[in-house]
Amino acid sequence: MRAATMIKKIGVWIVVLAVWEGAYRTGVLSPMLFSAPSLVLKAAWTDGPAFVAALETTAFEIVVAIVLAWSVGVAFGTAAGAIPILARISTPLLAAMIAVPFIIVYPVLTAWFGIGPESKIVFGTLLGVFPIALNTMIGVQAIEPGYVIMARSMGASKLQAMSQVMVPLALPSVITGLRLGTSLIVIGVILTEMLASTSGLGFLITYHRAMFDTGHVVLGILLGLSTSYVANALLSWIEQRYGRWRSLQQDMA
Amino acid sequence: MNQAVRTDILTVRGVSKIFGADRGSVAALSDVNFSVRRQQFVTIVGPSGCGKSTLMQILGGLASASCGEVLLNGEKIAAPRPDHIAAVFQEPWLLPWKSAQENVEFPLSLKGVAVAERRARAAAQLELVGLAHAATRLPHELSGGMRQRVAIARALVQEPDLLLMDEPFAALDEQTRTKMGNELLRIWEHSRRTIVFITHGLTEAIYLADVILVMAARPGRIVERIEVPLPRPRSIDMIGSEVFGQLRNRIWQLIGDSP
């Protein structure tokens, strides 16, 4: 059954790629606008190492931004959810920060951090951290206080109560924040690579677009998509691993 | 009884709790005094709103008294004392992603007890509450009564001198509640811990207790201390006895009389 679906999926892809290639060969689609599978393969063949290096740069920036935004966002969101005064101060602030179009301050970031990976990491983190913090805070605020009182009565420290009781209980909301934040990080990193940089997938895509190397552009796009695919798979794994009890609970109800 | 058994483990002196600012302030508790001897089973009974749960929070170090003090073995309680006091609440508050066994291990893992030791200790307590067969089940796979028994095992695993129970069976149906009462007495006789048990059920309060503290509301205070003359072990047919009926009437009047 599983093998059959696999074959079907692959079949569909072969057909799509064949039609695309056929349209290019017969001149129905202009390669300048739509590229073609063979052009993408040719780009990979001729400039493979450059794209691998670019992927490494982009992946590195994304991973560092994810580590920063996830840890700061979840930690701050949990604290804000647990401490009412902090929540009162940060709720309007977080909402405002999410609404800020940070791209307008990117030129300033390049002035501070240069046009290398640092400015991309900072920008990606800035974009991702606020929705993570806000969603974590909302999730923690929704926890029934009895759980926390229970943990306190057992002598749990603040840190233990947060990490072992609050964050797991708030997980669905935390994951929503992480999904939102992570997709913004991927967007932020690739977008800023397109604006001002000398390396990374975003840089290669804009560079080759200017040269009308559409095969190279599509290759860059595919590699960019692969990074968000990996990030998404990681999130689904976390959800499965730590949130399984919730779906079991719903099955019972 | 020897001398050690007769000593007071818990002393409550002049405890009051006032909520709110000067003008709209409400006295939840007013000058509460009592003491509990080691290995005693004390029930606190009173109408809703008499400050029972506030008192429990103060006894557990989870809330502070506006004035007065609570002494455990002569030491003042100002914060939770997990080595000496364990609590069971109206809801079991089991962590839903942990199995029964892991939930019972939880307080030990917070203290950093080694894995092998906490497994063994948790398993022993699950056995005591009759849930050894359900150790690997998640909370939502257990009935309400079973969940509360896991919560009791989780309290006992901390080996507390004092076990505080705040209406632990209130959310259960009548039949399960009676069964759990008997179960608790069996566990208590086995482990010989001191128990302070808060309830609004008169029958439950009498059936379980050595000593009943009767509370009245507005302000919350203790109006009477009653020693229960019923022999142990208790059995269900005692509930129909004359002594039991008289006790129930007396408590009913005490609660009813208060304004």
# chains A, B, ... in the order shown; residues from 1 in each chain; ligands from 1
call {"tool": "interface_residues", "arguments": {"of": "chain B", "to": "chain A", "cutoff": "10 Å", "atoms": "only C-alpha atoms", "output": "number ranges by chain"}}
result
B: 57, 60-62, 79-83, 85-98, 106-111, 138-141, 154-155, 158
call {"tool": "residues_around", "arguments": {"residues": "range 179-193 of chain B", "least_positions_apart": "5", "cutoff": "9 Å", "atoms": "only C-alpha atoms", "output": "ChimeraX atom specification"}}
result
/B:38-41,128-129,145,148-149,152,156,159-163,169,174,204,207-208,233-236
call {"tool": "write_last_selection", "arguments": {"atoms": "N, CA and C atoms", "output": "short mmCIF file (atom, residue, chain, number, x, y, z; two decimals), in the first residue's frame"}}
result
data_model
loop_
_atom_site.label_atom_id
_atom_site.label_comp_id
_atom_site.auth_asym_id
_atom_site.auth_seq_id
_atom_site.Cartn_x
_atom_site.Cartn_y
_atom_site.Cartn_z
N ARG B 38 1.14 13.61 66.18
CA ARG B 38 1.74 12.67 65.22
C ARG B 38 0.82 11.47 64.98
N GLN B 39 0.70 11.09 63.74
CA GLN B 39 -0.07 9.93 63.30
C GLN B 39 -1.58 10.08 63.48
N GLN B 40 -2.01 11.28 63.81
CA GLN B 40 -3.44 11.51 63.93
C GLN B 40 -4.08 11.72 62.56
N PHE B 41 -5.36 11.39 62.48
CA PHE B 41 -6.14 11.70 61.28
C PHE B 41 -7.13 12.79 61.68
N LEU B 128 0.91 0.13 46.83
CA LEU B 128 0.15 0.41 48.06
C LEU B 128 -1.25 0.94 47.74
N VAL B 129 -1.36 1.78 46.71
CA VAL B 129 -2.68 2.31 46.37
C VAL B 129 -3.43 1.38 45.41
N GLY B 145 -11.29 7.99 39.98
CA GLY B 145 -10.81 7.44 41.26
C GLY B 145 -9.37 6.97 41.16
N GLN B 148 -6.99 9.90 41.17
CA GLN B 148 -6.78 10.48 42.50
C GLN B 148 -5.89 9.55 43.34
N ARG B 149 -5.98 8.25 43.11
CA ARG B 149 -5.09 7.33 43.82
C ARG B 149 -3.64 7.52 43.38
N ILE B 152 -2.43 10.41 45.25
CA ILE B 152 -2.12 10.04 46.63
C ILE B 152 -0.77 9.33 46.70
N LEU B 156 2.52 10.33 48.80
CA LEU B 156 3.14 9.42 49.76
C LEU B 156 4.60 9.14 49.42
N GLU B 159 7.32 10.71 51.23
CA GLU B 159 7.48 10.31 52.63
C GLU B 159 7.31 11.50 53.56
N PRO B 160 6.14 12.15 53.46
CA PRO B 160 5.93 13.36 54.27
C PRO B 160 5.58 13.00 55.72
N ASP B 161 5.94 13.90 56.63
CA ASP B 161 5.47 13.75 58.01
C ASP B 161 3.99 14.07 58.05
N LEU B 162 3.60 15.01 57.21
CA LEU B 162 2.23 15.50 57.22
C LEU B 162 1.65 15.43 55.81
N LEU B 163 0.49 14.82 55.70
CA LEU B 163 -0.18 14.73 54.40
C LEU B 163 -1.41 15.63 54.45
N PHE B 169 -11.73 13.91 47.43
CA PHE B 169 -12.71 13.02 46.79
C PHE B 169 -13.96 13.76 46.34
N GLU B 174 -20.46 9.36 44.55
CA GLU B 174 -20.71 8.90 45.91
C GLU B 174 -20.05 7.54 46.21
N GLU B 204 -18.16 11.88 55.66
CA GLU B 204 -16.74 11.65 55.38
C GLU B 204 -15.88 12.15 56.53
N TYR B 207 -16.36 9.76 59.54
CA TYR B 207 -15.93 8.39 59.25
C TYR B 207 -14.41 8.24 59.28
N LEU B 208 -13.70 9.24 58.79
CA LEU B 208 -12.25 9.12 58.65
C LEU B 208 -11.49 9.52 59.92
N PRO B 233 -10.46 -0.60 63.42
CA PRO B 233 -10.77 -0.01 62.11
C PRO B 233 -12.25 0.33 61.93
N ARG B 234 -12.48 1.36 61.15
CA ARG B 234 -13.86 1.78 60.89
C ARG B 234 -14.49 0.86 59.86
N SER B 235 -15.82 0.73 59.94
CA SER B 235 -16.52 -0.02 58.91
C SER B 235 -17.79 0.72 58.53
N ILE B 236 -18.29 0.41 57.35
CA ILE B 236 -19.42 1.14 56.79
C ILE B 236 -20.64 1.14 57.71
#
call {"tool": "atom_distance", "arguments": {"atom1": "CA of Val140 in chain A", "atom2": "CA of Pro84 in chain A"}}
result
11.1 Å
call {"tool": "atom_distance", "arguments": {"atom1": "CA of Gln253 in chain B", "atom2": "CA of Ser53 in chain B"}}
result
21.8 Å
call {"tool": "atom_distance", "arguments": {"atom1": "CA of Gly139 in chain A", "atom2": "CA of Asn103 in chain B"}}
result
22.0 Å
call {"tool": "closest_residue", "arguments": {"among": "B:Phe244, B:Arg37, B:Asp31, B:Ala65", "to": "Phe19 in chain B", "atoms": "only C-alpha atoms"}}
result
B:Ala65
call {"tool": "select_by_dssp", "arguments": {"residues": "range 49-214 of chain B", "states": "helix (DSSP H, G or I)", "output": "VMD selection string"}}
result
chain B and resid 52 to 59 100 to 110 115 to 128 132 to 134 139 to 141 144 to 156 174 to 191 202 to 208
call {"tool": "closest_residue", "arguments": {"among": "B:Val45, B:Ile206, B:Val157, B:Ala116", "to": "Ile255 in chain B", "atoms": "only C-alpha atoms"}}
result
B:Val45
call {"tool": "select_by_dssp", "arguments": {"residues": "range 45-253 of chain B", "states": "strand (DSSP E or B)", "output": "count of residues only"}}
result
37
call {"tool": "closest_residue", "arguments": {"among": "B:Cys67, B:Ala170, B:Val15, B:Ile44", "to": "Leu213 in chain B", "atoms": "only C-alpha atoms"}}
result
B:Ile44
call {"tool": "residues_around", "arguments": {"residues": "range 176-184 of chain A", "least_positions_apart": "6", "cutoff": "12 Å", "atoms": "only C-alpha atoms", "output": "PyMOL selection string"}}
result
chain A and resi 62-74+77+98+101-103+121+123-139+170+190-192+224-225+227-236+238-239
call {"tool": "closest_residue", "arguments": {"among": "B:Ala123, B:Val150, B:Leu254, B:Val243", "to": "Val214 in chain B", "atoms": "only C-alpha atoms"}}
result
B:Leu254
